[in-house]
$ cat my_file-v2.cif   # mmCIF, C-alpha atoms and all ligand atoms
data_work
#
loop_
_atom_site.group_PDB
_atom_site.id
_atom_site.type_symbol
_atom_site.label_atom_id
_atom_site.label_comp_id
_atom_site.auth_asym_id
_atom_site.auth_seq_id
_atom_site.Cartn_x
_atom_site.Cartn_y
_atom_site.Cartn_z
ATOM 1 C CA MET A 191 4.558 -6.780 -39.494
ATOM 2 C CA LYS A 192 6.589 -7.382 -36.380
ATOM 3 C CA THR A 193 3.521 -8.308 -34.294
ATOM 4 C CA GLN A 194 2.408 -10.795 -36.951
ATOM 5 C CA LEU A 195 5.678 -12.638 -36.477
ATOM 6 C CA ALA A 196 5.773 -12.245 -32.718
ATOM 7 C CA LEU A 197 2.453 -13.860 -31.882
ATOM 8 C CA PRO A 198 3.130 -17.321 -33.324
ATOM 9 C CA THR A 199 6.554 -17.255 -31.696
ATOM 10 C CA LEU A 200 4.957 -16.434 -28.370
ATOM 11 C CA LEU A 201 2.393 -19.215 -28.754
ATOM 12 C CA LEU A 202 5.139 -21.711 -29.588
ATOM 13 C CA THR A 203 7.038 -20.618 -26.505
ATOM 14 C CA PHE A 204 3.980 -21.189 -24.329
ATOM 15 C CA ALA A 205 3.366 -24.571 -25.961
ATOM 16 C CA ALA A 206 6.960 -25.557 -25.258
ATOM 17 C CA MET A 207 6.620 -24.459 -21.644
ATOM 18 C CA TRP A 208 3.569 -26.639 -21.189
ATOM 19 C CA SER A 209 4.916 -29.702 -22.932
ATOM 20 C CA ALA A 210 8.052 -29.655 -20.775
ATOM 21 C CA PRO A 211 6.828 -29.414 -17.184
ATOM 22 C CA ILE A 212 9.295 -27.772 -14.855
ATOM 23 C CA HIS A 213 10.182 -29.678 -11.729
ATOM 24 C CA ALA A 214 9.756 -26.922 -9.202
ATOM 25 C CA ALA A 215 12.523 -27.971 -6.857
ATOM 26 C CA GLU A 216 15.070 -28.105 -9.685
ATOM 27 C CA ALA A 217 14.351 -24.973 -11.652
ATOM 28 C CA ASP A 218 12.121 -22.321 -10.177
ATOM 29 C CA GLY A 219 12.663 -19.124 -12.110
ATOM 30 C CA ARG A 220 10.322 -17.098 -9.947
ATOM 31 C CA GLN A 221 11.656 -14.340 -7.769
ATOM 32 C CA LEU A 222 11.392 -15.043 -4.041
ATOM 33 C CA VAL A 223 9.689 -12.171 -2.220
ATOM 34 C CA GLU A 224 10.442 -12.367 1.468
ATOM 35 C CA MET A 225 7.827 -11.209 3.925
ATOM 36 C CA PRO A 226 6.963 -11.902 7.581
ATOM 37 C CA PRO A 227 4.665 -14.880 8.311
ATOM 38 C CA GLU A 228 1.789 -12.491 9.132
ATOM 39 C CA ALA A 229 1.994 -10.844 5.708
ATOM 40 C CA ARG A 230 2.275 -14.242 4.000
ATOM 41 C CA ALA A 231 -0.857 -15.438 5.802
ATOM 42 C CA GLU A 232 -2.729 -12.277 4.772
ATOM 43 C CA LEU A 233 -1.646 -12.667 1.166
ATOM 44 C CA ARG A 234 -2.801 -16.292 1.095
ATOM 45 C CA ALA A 235 -6.181 -15.433 2.585
ATOM 46 C CA GLU A 236 -6.638 -12.692 -0.001
ATOM 47 C CA MET A 237 -5.656 -15.087 -2.798
ATOM 48 C CA LEU A 238 -8.226 -17.654 -1.723
ATOM 49 C CA ASP A 239 -10.841 -14.895 -1.818
ATOM 50 C CA PHE A 240 -9.748 -13.943 -5.355
ATOM 51 C CA GLN A 241 -10.034 -17.543 -6.459
ATOM 52 C CA THR A 242 -13.527 -17.861 -4.987
ATOM 53 C CA ALA A 243 -14.564 -14.578 -6.597
ATOM 54 C CA LEU A 244 -13.256 -15.703 -9.981
ATOM 55 C CA HIS A 245 -15.141 -18.981 -9.683
ATOM 56 C CA LEU A 246 -18.379 -17.168 -8.844
ATOM 57 C CA ILE A 247 -17.868 -14.721 -11.708
ATOM 58 C CA VAL A 248 -17.427 -17.468 -14.304
ATOM 59 C CA GLY A 249 -20.513 -19.219 -12.926
ATOM 60 C CA ALA A 250 -22.531 -16.008 -13.072
ATOM 61 C CA LEU A 251 -21.440 -15.389 -16.678
ATOM 62 C CA ALA A 252 -22.464 -18.927 -17.645
ATOM 63 C CA GLU A 253 -25.942 -18.110 -16.374
ATOM 64 C CA GLN A 254 -25.915 -14.640 -17.916
ATOM 65 C CA GLN A 255 -26.201 -13.056 -14.470
ATOM 66 C CA PHE A 256 -24.260 -10.018 -15.616
ATOM 67 C CA ALA A 257 -25.106 -7.733 -12.699
ATOM 68 C CA THR A 258 -23.961 -10.397 -10.229
ATOM 69 C CA ALA A 259 -20.707 -10.964 -12.129
ATOM 70 C CA ALA A 260 -20.059 -7.215 -12.189
ATOM 71 C CA GLU A 261 -20.813 -6.766 -8.501
ATOM 72 C CA ILE A 262 -18.498 -9.580 -7.382
ATOM 73 C CA ALA A 263 -15.704 -8.348 -9.657
ATOM 74 C CA GLU A 264 -15.885 -4.780 -8.400
ATOM 75 C CA ASN A 265 -16.353 -5.522 -4.713
ATOM 76 C CA LYS A 266 -14.022 -8.497 -4.304
ATOM 77 C CA MET A 267 -11.286 -7.782 -6.860
ATOM 78 C CA GLY A 268 -11.780 -4.310 -8.331
ATOM 79 C CA ILE A 269 -10.566 -0.866 -7.298
ATOM 80 C CA SER A 270 -13.133 -1.061 -4.471
ATOM 81 C CA ALA A 271 -11.272 -4.072 -3.052
ATOM 82 C CA MET A 272 -7.940 -2.221 -2.734
ATOM 83 C CA GLY A 273 -6.559 -1.211 0.660
ATOM 84 C CA ARG A 274 -7.792 -4.314 2.450
ATOM 85 C CA HIS A 275 -4.756 -4.234 4.773
ATOM 86 C CA ARG A 276 -4.694 -0.476 5.260
ATOM 87 C CA ASN A 277 -5.322 -0.669 9.008
ATOM 88 C CA ALA A 278 -3.278 -3.801 9.676
ATOM 89 C CA PRO A 279 0.097 -3.585 11.458
ATOM 90 C CA PRO A 280 2.994 -3.173 8.976
ATOM 91 C CA ASN A 281 4.177 -6.795 9.333
ATOM 92 C CA ALA A 282 0.745 -7.988 8.141
ATOM 93 C CA ARG A 283 0.631 -5.803 5.014
ATOM 94 C CA PRO A 284 1.872 -7.872 2.044
ATOM 95 C CA GLY A 285 2.004 -4.840 -0.263
ATOM 96 C CA MET A 286 4.785 -3.290 1.829
ATOM 97 C CA PHE A 287 7.105 -6.166 0.922
ATOM 98 C CA MET A 288 6.311 -6.377 -2.771
ATOM 99 C CA PRO A 289 8.799 -5.083 -5.345
ATOM 100 C CA ASN A 290 7.462 -2.220 -7.485
ATOM 101 C CA GLU A 291 6.746 -4.396 -10.521
ATOM 102 C CA MET A 292 4.782 -6.841 -8.380
ATOM 103 C CA GLN A 293 2.744 -3.979 -6.957
ATOM 104 C CA ALA A 294 2.113 -2.776 -10.495
ATOM 105 C CA ILE A 295 0.717 -6.191 -11.473
ATOM 106 C CA ALA A 296 -1.509 -6.108 -8.369
ATOM 107 C CA ARG A 297 -2.841 -2.674 -9.318
ATOM 108 C CA SER A 298 -3.408 -3.814 -12.901
ATOM 109 C CA MET A 299 -5.450 -6.759 -11.594
ATOM 110 C CA HIS A 300 -7.675 -4.444 -9.563
ATOM 111 C CA ALA A 301 -8.088 -2.059 -12.510
ATOM 112 C CA ALA A 302 -8.829 -4.930 -14.925
ATOM 113 C CA SER A 303 -11.494 -6.243 -12.532
ATOM 114 C CA SER A 304 -13.202 -2.855 -12.451
ATOM 115 C CA ASP A 305 -12.988 -2.676 -16.273
ATOM 116 C CA PHE A 306 -14.506 -6.148 -16.451
ATOM 117 C CA ALA A 307 -17.347 -5.062 -14.130
ATOM 118 C CA LYS A 308 -18.220 -2.228 -16.520
ATOM 119 C CA MET A 309 -18.012 -4.518 -19.550
ATOM 120 C CA ALA A 310 -20.103 -7.267 -17.909
ATOM 121 C CA LYS A 311 -22.932 -4.810 -17.274
ATOM 122 C CA ARG A 312 -23.287 -4.452 -21.049
ATOM 123 C CA GLY A 313 -24.615 -8.006 -21.142
ATOM 124 C CA ASP A 314 -22.420 -9.565 -23.834
ATOM 125 C CA THR A 315 -20.914 -12.860 -22.612
ATOM 126 C CA THR A 316 -18.203 -13.045 -25.275
ATOM 127 C CA ARG A 317 -16.971 -9.522 -24.643
ATOM 128 C CA ALA A 318 -17.225 -10.012 -20.892
ATOM 129 C CA LEU A 319 -15.101 -13.164 -21.084
ATOM 130 C CA GLY A 320 -12.576 -11.353 -23.261
ATOM 131 C CA SER A 321 -12.365 -8.619 -20.664
ATOM 132 C CA LEU A 322 -11.995 -11.188 -17.870
ATOM 133 C CA THR A 323 -8.800 -12.513 -19.467
ATOM 134 C CA ALA A 324 -7.102 -9.239 -18.506
ATOM 135 C CA VAL A 325 -7.854 -10.201 -14.891
ATOM 136 C CA THR A 326 -6.716 -13.816 -15.209
ATOM 137 C CA GLY A 327 -3.706 -12.566 -17.182
ATOM 138 C CA ALA A 328 -2.635 -10.577 -14.106
ATOM 139 C CA CYS A 329 -3.023 -13.684 -11.889
ATOM 140 C CA VAL A 330 -0.821 -15.622 -14.317
ATOM 141 C CA ALA A 331 1.744 -12.832 -14.735
ATOM 142 C CA CYS A 332 2.266 -12.516 -10.999
ATOM 143 C CA HIS A 333 2.265 -16.247 -10.266
ATOM 144 C CA ARG A 334 4.770 -16.895 -13.056
ATOM 145 C CA SER A 335 7.095 -14.192 -11.717
ATOM 146 C CA TYR A 336 6.982 -14.285 -7.904
ATOM 147 C CA ARG A 337 6.809 -16.629 -4.956
ATOM 148 C CA ILE A 338 6.805 -16.034 -1.220
ATOM 149 C CA GLN A 339 8.250 -19.374 -0.091
HETATM 150 C C1 LIG B 1 0.594 -9.244 -7.470
HETATM 151 C C2 LIG B 1 0.799 -10.665 -7.509
HETATM 152 C C3 LIG B 1 -0.383 -11.600 -7.533
HETATM 153 C C4 LIG B 1 -1.563 -11.471 -8.206
HETATM 154 C C5 LIG B 1 -2.021 -10.343 -9.113
HETATM 155 C C6 LIG B 1 -2.330 -12.664 -7.915
HETATM 156 N N1 LIG B 1 -1.626 -13.471 -7.091
HETATM 157 FE FE1 LIG B 1 -2.278 -15.262 -6.318
HETATM 158 N N2 LIG B 1 -0.495 -15.491 -5.368
HETATM 159 C C7 LIG B 1 0.562 -14.614 -5.408
HETATM 160 C C8 LIG B 1 1.669 -15.148 -4.649
HETATM 161 C C9 LIG B 1 3.030 -14.483 -4.465
HETATM 162 C C10 LIG B 1 1.239 -16.386 -4.132
HETATM 163 C C11 LIG B 1 2.038 -17.351 -3.245
HETATM 164 C C12 LIG B 1 2.910 -18.238 -4.100
HETATM 165 C C13 LIG B 1 3.794 -19.047 -3.191
HETATM 166 O O1 LIG B 1 3.253 -19.937 -2.496
HETATM 167 O O2 LIG B 1 4.990 -18.776 -3.119
HETATM 168 C C14 LIG B 1 -0.130 -16.567 -4.606
HETATM 169 C C15 LIG B 1 -0.911 -17.664 -4.296
HETATM 170 C C16 LIG B 1 -2.199 -17.853 -4.743
HETATM 171 C C17 LIG B 1 -3.043 -18.972 -4.365
HETATM 172 C C18 LIG B 1 -2.658 -20.087 -3.401
HETATM 173 C C19 LIG B 1 -3.009 -19.639 -1.975
HETATM 174 C C20 LIG B 1 -2.487 -20.570 -0.893
HETATM 175 O O3 LIG B 1 -3.292 -21.007 -0.073
HETATM 176 O O4 LIG B 1 -1.290 -20.857 -0.882
HETATM 177 C C21 LIG B 1 -4.232 -18.829 -5.034
HETATM 178 C C22 LIG B 1 -5.445 -19.732 -4.975
HETATM 179 C C23 LIG B 1 -4.134 -17.615 -5.829
HETATM 180 N N3 LIG B 1 -2.886 -17.040 -5.619
HETATM 181 C C24 LIG B 1 -5.128 -17.137 -6.647
HETATM 182 C C25 LIG B 1 -5.040 -15.960 -7.393
HETATM 183 C C26 LIG B 1 -6.027 -15.507 -8.347
HETATM 184 C C27 LIG B 1 -7.285 -16.267 -8.724
HETATM 185 C C28 LIG B 1 -5.581 -14.327 -8.849
HETATM 186 C C29 LIG B 1 -6.206 -13.428 -9.876
HETATM 187 C C30 LIG B 1 -7.586 -13.112 -9.759
HETATM 188 C C31 LIG B 1 -4.322 -14.034 -8.185
HETATM 189 N N4 LIG B 1 -4.027 -15.048 -7.328
HETATM 190 C C32 LIG B 1 -3.583 -12.897 -8.436
HETATM 191 C C33 LIG B 1 0.595 -13.413 -6.060
HETATM 192 C C34 LIG B 1 -0.416 -12.880 -6.842
#
$ encode --input "my_file-v2.cif" --output "structure tokens"
Amino acid sequence: MKTQLALPTLLLTFAAMWSAPIHAAEADGRQLVEMPPEARAELRAEMLDFQTALHLIVGALAEQQFATAAEIAENKMGISAMGRHRNAPPNARPGMFMPNEMQAIARSMHAASSDFAKMAKRGDTTRALGSLTAVTGACVACHRSYRIQ
């Protein structure tokens, strides 16, 4: 019963957020995560790779290239893509500066990408897209909560 009431409320909240654009300089509710310039640069580079991967995945799904979508998701964003900065000097490892909750969102994104890869291999576009929203949901959750500048 509670969830039936909660969902419309949540949707209304989102609608309100969109219809009233926030002027970033005035009211930025995101938490500032401070990190050295090297770590910031690494994080940005990784983000651009995520964005490219996501773009290629959606394109692959549109063409029903399920194996390609799965491969990109696993290799570029999944569990296999974790530890990219393992051998970098500490000041160039963004993860070291992230609060625990932020790290948890990052891990959930990697796990969701691996889950998506498995789902995509089953060859059902609708289900694959549904599974992909767990990945994009992690992008949104982190971007809505944290900033580095
Ligand atoms: C664990 C947190 C986290 C997750 C998960 C995450 N991001 Fe980010 N992302 C950030 C932060 C922090 C920034 C920098 C925001 C700022 O400029 O302060 C950022 C910035 C970006 C940028 C801008 C890069 C630039 O050049 O400034 C892109 C593009 C991006 N993210 C894409 C994605 C995509 C796509 C996903 C999901 C597949 C994703 N991110 C998931 C934290 C995250």
$ axis_aligned_box --input "my_file-v2.cif" --around "ligand LIG 1 (chain B)" --padding-each-side "3 Å" --output "lines of an AutoDock Vina configuration file"
center_x = -1.3
center_y = -15.1
center_z = -5.0
size_x = 18.6
size_y = 17.8
size_z = 15.8
$ atom_distance --input "my_file-v2.cif" --atom1 "atom CA of Ile295 of chain A" --atom2 "atom CA of Leu233 of chain A"
14.4 Å
$ residues_near_ligand --input "my_file-v2.cif" --ligand "ligand LIG 1 (chain B)" --cutoff "7 Å" --atoms "all atoms listed in the file" --output "PyMOL selection string"
chain A and resi 234-235+237-238+240-241+244+292-293+295-296+299+325-326+328-329+332-333+336-339
$ atom_distance --input "my_file-v2.cif" --atom1 "atom CA of Asn265 of chain A" --atom2 "atom CA of Asp314 of chain A"
20.5 Å
$ resolve_selection --input "my_file-v2.cif" --expression "the PyMOL selection byres (((chain A and resi 257-262) around 6) and not hetatm)" --output "PyMOL selection string"
chain A and resi 247+250+255-256+263-266+307+310-311
$ residues_near_point --input "my_file-v2.cif" --point "(-13.2, -6.0, -20.4)" --cutoff "6 Å" --atoms "all atoms listed in the file" --output "count of residues only"
6
$ atom_distance --input "my_file-v2.cif" --atom1 "atom CA of Ile269 of chain A" --atom2 "atom CA of Ala302 of chain A"
8.8 Å
$ closest_residue --input "my_file-v2.cif" --among "A:Ser298, A:Lys308, A:His275, A:Pro289" --to "Gly327 of chain A" --atoms "all atoms listed in the file"
A:Ser298
$ closest_residue --input "my_file-v2.cif" --among "A:His300, A:Arg274, A:Arg334, A:Arg312" --to "Leu222 of chain A" --atoms "only C-alpha atoms"
A:Arg334
$ closest_residue --input "my_file-v2.cif" --among "A:Ala271, A:Val248, A:Met286, A:Ala301" --to "Ala324 of chain A" --atoms "only C-alpha atoms"
A:Ala301
$ build_atoms --input "my_file-v2.cif" --residues "segment 315-333 of chain A" --atoms "N, CA and C atoms" --output "tab-separated table (two decimals), in the coordinates of the input"
chain	number	residue	atom	x	y	z
A	315	THR	N	-21.77	-11.84	-23.24
A	315	THR	CA	-20.91	-12.86	-22.61
A	315	THR	C	-19.53	-12.92	-23.25
A	316	THR	N	-19.49	-12.92	-24.59
A	316	THR	CA	-18.20	-13.04	-25.28
A	316	THR	C	-17.27	-11.90	-24.92
A	317	ARG	N	-17.81	-10.68	-24.98
A	317	ARG	CA	-16.97	-9.52	-24.64
A	317	ARG	C	-16.58	-9.54	-23.17
A	318	ALA	N	-17.52	-9.97	-22.33
A	318	ALA	CA	-17.23	-10.01	-20.89
A	318	ALA	C	-16.09	-10.99	-20.62
A	319	LEU	N	-16.16	-12.16	-21.27
A	319	LEU	CA	-15.10	-13.16	-21.08
A	319	LEU	C	-13.76	-12.63	-21.58
A	320	GLY	N	-13.80	-11.95	-22.71
A	320	GLY	CA	-12.58	-11.35	-23.26
A	320	GLY	C	-11.97	-10.39	-22.26
A	321	SER	N	-12.82	-9.60	-21.64
A	321	SER	CA	-12.36	-8.62	-20.66
A	321	SER	C	-11.84	-9.31	-19.40
A	322	LEU	N	-12.43	-10.45	-19.07
A	322	LEU	CA	-12.00	-11.19	-17.87
A	322	LEU	C	-10.57	-11.74	-18.03
A	323	THR	N	-10.15	-11.98	-19.28
A	323	THR	CA	-8.80	-12.51	-19.47
A	323	THR	C	-7.72	-11.50	-19.06
A	324	ALA	N	-8.08	-10.21	-19.02
A	324	ALA	CA	-7.10	-9.24	-18.51
A	324	ALA	C	-6.90	-9.45	-17.00
A	325	VAL	N	-7.96	-9.90	-16.33
A	325	VAL	CA	-7.85	-10.20	-14.89
A	325	VAL	C	-7.04	-11.48	-14.69
A	326	THR	N	-7.44	-12.55	-15.38
A	326	THR	CA	-6.72	-13.82	-15.21
A	326	THR	C	-5.27	-13.67	-15.69
A	327	GLY	N	-5.07	-12.82	-16.69
A	327	GLY	CA	-3.71	-12.57	-17.18
A	327	GLY	C	-2.82	-12.00	-16.08
A	328	ALA	N	-3.41	-11.14	-15.22
A	328	ALA	CA	-2.64	-10.58	-14.11
A	328	ALA	C	-2.33	-11.65	-13.07
A	329	CYS	N	-3.29	-12.56	-12.82
A	329	CYS	CA	-3.02	-13.68	-11.89
A	329	CYS	C	-1.82	-14.46	-12.42
A	330	VAL	N	-1.88	-14.81	-13.71
A	330	VAL	CA	-0.82	-15.62	-14.32
A	330	VAL	C	0.52	-14.88	-14.28
A	331	ALA	N	0.49	-13.61	-14.66
A	331	ALA	CA	1.74	-12.83	-14.74
A	331	ALA	C	2.43	-12.80	-13.37
A	332	CYS	N	1.65	-12.59	-12.33
A	332	CYS	CA	2.27	-12.52	-11.00
A	332	CYS	C	2.73	-13.90	-10.53
A	333	HIS	N	1.89	-14.90	-10.74
A	333	HIS	CA	2.26	-16.25	-10.27
A	333	HIS	C	3.48	-16.81	-11.01
